[in-house]
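Participant: To start, I am sharing the structure in question, which I have written as structure tokens.
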Amino acid sequence: MTEHKLPQLFTFDGQARSGKGTAVHAIKRSLQSRNINTMLIDAGQVFRVLVVTAIKHGVDIDLPNAIDEFLSDERMLEETKLEVKRFYHMHHAERDALLYTQEVGANSAKIGARPGAQAFKDNLLRKWLHDADIEGYKVVLIDGRALQEVGTMLEAEGLCDYRIGFYFVCDSQMGARRMLGYVDRPYETLTDDKKQEVDELAEQIVERNRLDSERRVHPIVPPVDAPEFTLPYLDFTPRGRGREMLIVDTSADMTKQEMTSPIVAVFDKLHI
């Protein structure tokens, strides 16, 4: 009898605006070009959809009790599940315009700090991993936050084979420049208005990382004793057995290709 193989899980975790989303999409394209059936799950997007649904119903995101009341309402959670599906099938540009604003990003940290939001997200992950197994996916990539703890939990529940966890870090000013489209221009050469724009966004990134690191449930912390690599250099060869964690610093001035190629190369070495 052939041994049943669970989907191999790889997580992309870390600080806000650190490039993990860019990396995970590059990995997905590379694996699919090798005809490896790959599912990409954006766990962080769940919190953004929760924000949109909560605000639509007049929830004050600055009041934890109001958020908790919203998250305890089964009708609201069922509506949010439908919204998650709707956003998933939405055109990429339209989805980004609605979900990936600075305001929604800041509010998603407030939502994500509530235990009910984490439980809602974890239950969706369980469902999606179960579906991935049934549908024959060989690889599942999860993009989100605080995923070492979550991935370990999902593996313990028999839903996946957790292989590698990437934890991304990035200088907040560089993260802000990338988001604003100023990555090809040194900070010192920007106009005063653009410098102020970068500075304000960098402050928001720092604050979001602080909130995420201090929350009670699934706090975002780097993996203990993990090796750290500064891109574009990534001299890492997977052992092929047991889970491995690594920290990836994306603070250097580099193109998207320079940032993602070394990570794609790690997957080229894997036996999937």
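Identifiers in the structure tokens: chain A, B, ... in order shown; residue index from 1 per chain; ligand index from 1 in order shown.
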Write out as CSV a residue-level contact list of stretch 223-249 of chain A versus stretch 167-171 of chain A with cut-off 8 Å: for each qualifying residue the closest pair of atoms and the distance in Å to one decimal, counting only C-alpha atoms, rows sorted by chain and residue number upward.
Facilitator:
residue,atom,partner,partner_atom,distance
A:Pro223,CA,A:Tyr167,CA,7.4
A:Met245,CA,A:Tyr167,CA,7.6
A:Leu246,CA,A:Tyr167,CA,6.2
A:Ile247,CA,A:Tyr167,CA,4.7
A:Val248,CA,A:Phe168,CA,4.8
A:Asp249,CA,A:Val169,CA,4.9
Participant: Could you pull out the residues in stretch 98-143 of chain A that DSSP calls strand (DSSP E or B) from the backbone, as JSON, numbers by chain?
Facilitator: {"A": [139, 140, 141, 142, 143]}
Participant: What are the closest atom pairs, with distances in Å to one decimal, for each residue of stretch 170-241 of chain A lying within 10 Å of stretch 147-155 of chain A, using only C-alpha atoms, rows by chain and rising residue number, as CSV?
Facilitator:
residue,atom,partner,partner_atom,distance
A:His218,CA,A:Glu149,CA,6.9
A:Pro219,CA,A:Glu149,CA,9.1
A:Ile220,CA,A:Leu147,CA,8.1
A:Val221,CA,A:Gln148,CA,9.1
A:Pro222,CA,A:Gln148,CA,8.9
A:Pro223,CA,A:Gln148,CA,7.4
Participant: Please provide the set of residues having any atom within 10 Å of stretch 28-31 of chain A, restricted to only C-alpha atoms, with same-chain residues fewer than 5 positions apart removed, written as a ChimeraX atom specification.
Facilitator: /A:23,36-40,139-141,261,264-265,267-268,272
Participant: Residues as selected, C-alpha atoms, written as a compact mmCIF listing (two decimals), in the first residue's frame, can you do that?
Facilitator:
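This is the output file out.txt:
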# COMPACT_ATOMS: atom_id res chain seq x y z
CA ALA A 23 8.80 36.11 -2.13
CA ILE A 36 4.13 20.93 -8.71
CA ASN A 37 0.54 21.34 -7.52
CA THR A 38 0.82 24.32 -5.16
CA MET A 39 -1.72 26.13 -2.99
CA LEU A 40 -1.00 29.64 -1.72
CA VAL A 139 2.76 21.98 -1.46
CA VAL A 140 0.98 24.59 0.62
CA LEU A 141 2.53 28.04 1.07
CA SER A 261 15.98 34.49 -6.74
CA VAL A 264 13.53 30.30 -5.24
CA ALA A 265 16.91 28.57 -5.42
CA PHE A 267 13.14 25.35 -3.36
CA ASP A 268 15.02 24.16 -6.43
CA ILE A 272 9.06 17.61 -3.55
Participant: Find the residues near stretch 158-162 of chain A: any atom within 9 Å, counting only C-alpha atoms, skip ones fewer than 4 places away on the same chain, and give them as a list in words.
Facilitator: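 What passes the distance filter is Lys5, Leu6, Pro7, Gln8, Leu9, Phe10, Thr11, Arg126, Leu129, His130, Asp133, Val140, Gly151, Thr152, Met153, Leu154, Gly242, Arg243 and Glu244 of chain A.
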Participant: Output all heavy atoms for every residue in that selection, as a short mmCIF file (atom, residue, chain, number, x, y, z; two decimals), in the first residue's frame.
Facilitator:
data_model
loop_
_atom_site.label_atom_id
_atom_site.label_comp_id
_atom_site.auth_asym_id
_atom_site.auth_seq_id
_atom_site.Cartn_x
_atom_site.Cartn_y
_atom_site.Cartn_z
N LYS A 5 0.84 10.75 1.66
CA LYS A 5 1.73 11.87 1.95
C LYS A 5 0.92 13.15 2.11
O LYS A 5 0.19 13.54 1.20
CB LYS A 5 2.78 12.04 0.85
CG LYS A 5 3.77 10.89 0.79
CD LYS A 5 4.87 11.18 -0.21
CE LYS A 5 5.91 10.06 -0.20
NZ LYS A 5 7.01 10.31 -1.16
N LEU A 6 1.06 13.77 3.26
CA LEU A 6 0.39 15.04 3.51
C LEU A 6 1.03 16.15 2.71
O LEU A 6 2.20 16.06 2.32
CB LEU A 6 0.46 15.37 5.00
CG LEU A 6 -0.30 14.45 5.95
CD1 LEU A 6 0.11 14.72 7.39
CD2 LEU A 6 -1.81 14.64 5.78
N PRO A 7 0.29 17.23 2.46
CA PRO A 7 0.90 18.39 1.78
C PRO A 7 2.09 18.92 2.58
O PRO A 7 2.05 18.97 3.81
CB PRO A 7 -0.24 19.42 1.74
CG PRO A 7 -1.49 18.64 1.90
CD PRO A 7 -1.15 17.46 2.74
N GLN A 8 3.15 19.28 1.88
CA GLN A 8 4.30 19.88 2.53
C GLN A 8 4.00 21.36 2.76
O GLN A 8 3.61 22.08 1.83
CB GLN A 8 5.55 19.71 1.67
CG GLN A 8 5.96 18.27 1.48
CD GLN A 8 7.20 18.12 0.63
OE1 GLN A 8 8.02 19.03 0.56
NE2 GLN A 8 7.34 16.98 -0.02
N LEU A 9 4.21 21.80 3.99
CA LEU A 9 3.89 23.18 4.35
C LEU A 9 5.16 24.01 4.47
O LEU A 9 6.14 23.61 5.10
CB LEU A 9 3.15 23.20 5.69
CG LEU A 9 2.82 24.59 6.26
CD1 LEU A 9 1.83 25.32 5.36
CD2 LEU A 9 2.28 24.48 7.69
N PHE A 10 5.11 25.21 3.87
CA PHE A 10 6.18 26.20 3.99
C PHE A 10 5.53 27.52 4.38
O PHE A 10 4.55 27.96 3.76
CB PHE A 10 6.92 26.37 2.65
CG PHE A 10 7.54 25.09 2.15
CD1 PHE A 10 6.80 24.20 1.37
CD2 PHE A 10 8.84 24.77 2.48
CE1 PHE A 10 7.36 23.02 0.92
CE2 PHE A 10 9.42 23.59 2.02
CZ PHE A 10 8.67 22.70 1.25
N THR A 11 6.05 28.16 5.43
CA THR A 11 5.45 29.39 5.92
C THR A 11 6.36 30.60 5.66
O THR A 11 7.58 30.49 5.69
CB THR A 11 5.16 29.31 7.43
OG1 THR A 11 6.37 29.05 8.16
CG2 THR A 11 4.15 28.21 7.72
N ARG A 126 -7.28 25.44 8.95
CA ARG A 126 -7.55 24.00 9.07
C ARG A 126 -8.39 23.51 7.89
O ARG A 126 -8.09 22.46 7.30
CB ARG A 126 -8.28 23.71 10.38
CG ARG A 126 -7.44 23.89 11.64
CD ARG A 126 -8.24 23.50 12.87
NE ARG A 126 -7.43 23.62 14.09
CZ ARG A 126 -7.46 24.67 14.90
NH1 ARG A 126 -8.26 25.70 14.64
NH2 ARG A 126 -6.68 24.71 15.97
N LEU A 129 -6.27 23.57 4.59
CA LEU A 129 -5.28 22.49 4.53
C LEU A 129 -5.94 21.14 4.32
O LEU A 129 -5.42 20.29 3.59
CB LEU A 129 -4.43 22.47 5.80
CG LEU A 129 -3.24 23.44 5.80
CD1 LEU A 129 -2.60 23.50 7.18
CD2 LEU A 129 -2.20 23.03 4.78
N HIS A 130 -7.08 20.93 4.96
CA HIS A 130 -7.85 19.70 4.72
C HIS A 130 -8.24 19.60 3.25
O HIS A 130 -8.09 18.54 2.62
CB HIS A 130 -9.09 19.68 5.62
CG HIS A 130 -9.99 18.52 5.36
ND1 HIS A 130 -9.70 17.23 5.77
CD2 HIS A 130 -11.19 18.45 4.71
CE1 HIS A 130 -10.67 16.42 5.40
NE2 HIS A 130 -11.59 17.13 4.76
N ASP A 133 -5.28 18.69 1.02
CA ASP A 133 -4.98 17.26 1.07
C ASP A 133 -5.94 16.48 0.19
O ASP A 133 -5.53 15.63 -0.62
CB ASP A 133 -5.05 16.79 2.52
CG ASP A 133 -4.58 15.35 2.69
OD1 ASP A 133 -3.80 14.87 1.84
OD2 ASP A 133 -4.99 14.70 3.66
N VAL A 140 1.79 23.47 0.17
CA VAL A 140 0.98 24.59 0.62
C VAL A 140 1.92 25.67 1.14
O VAL A 140 2.78 25.39 1.99
CB VAL A 140 -0.02 24.19 1.72
CG1 VAL A 140 -0.75 25.42 2.26
CG2 VAL A 140 -1.02 23.18 1.19
N GLY A 151 1.94 26.85 12.24
CA GLY A 151 2.34 25.71 11.43
C GLY A 151 2.61 24.47 12.26
O GLY A 151 2.24 23.35 11.87
N THR A 152 3.24 24.65 13.41
CA THR A 152 3.50 23.53 14.32
C THR A 152 2.19 22.93 14.81
O THR A 152 2.04 21.70 14.89
CB THR A 152 4.34 24.01 15.51
OG1 THR A 152 5.57 24.58 15.03
CG2 THR A 152 4.66 22.86 16.44
N MET A 153 1.22 23.78 15.10
CA MET A 153 -0.10 23.32 15.54
C MET A 153 -0.79 22.51 14.44
O MET A 153 -1.33 21.43 14.70
CB MET A 153 -0.96 24.51 15.94
CG MET A 153 -2.41 24.20 16.27
SD MET A 153 -3.42 25.70 16.43
CE MET A 153 -3.51 26.24 14.70
N LEU A 154 -0.75 23.02 13.22
CA LEU A 154 -1.41 22.34 12.10
C LEU A 154 -0.77 20.99 11.81
O LEU A 154 -1.46 20.02 11.49
CB LEU A 154 -1.38 23.24 10.87
CG LEU A 154 -2.18 24.54 10.98
CD1 LEU A 154 -1.87 25.44 9.79
CD2 LEU A 154 -3.67 24.27 11.07
N GLY A 242 13.09 16.83 8.94
CA GLY A 242 12.79 17.70 10.07
C GLY A 242 12.50 19.13 9.63
O GLY A 242 12.84 19.54 8.52
N ARG A 243 11.84 19.87 10.50
CA ARG A 243 11.52 21.26 10.19
C ARG A 243 12.73 22.15 10.36
O ARG A 243 13.53 21.97 11.28
CB ARG A 243 10.40 21.74 11.10
CG ARG A 243 9.91 23.16 10.79
CD ARG A 243 8.87 23.62 11.77
NE ARG A 243 7.97 22.54 12.10
CZ ARG A 243 7.81 22.08 13.33
NH1 ARG A 243 8.50 22.58 14.34
NH2 ARG A 243 6.97 21.08 13.57
N GLU A 244 12.87 23.13 9.49
CA GLU A 244 13.97 24.09 9.59
C GLU A 244 13.40 25.50 9.56
O GLU A 244 12.46 25.79 8.81
CB GLU A 244 14.95 23.89 8.44
CG GLU A 244 15.60 22.51 8.43
CD GLU A 244 16.62 22.35 7.32
OE1 GLU A 244 17.75 22.82 7.49
OE2 GLU A 244 16.27 21.75 6.29
#
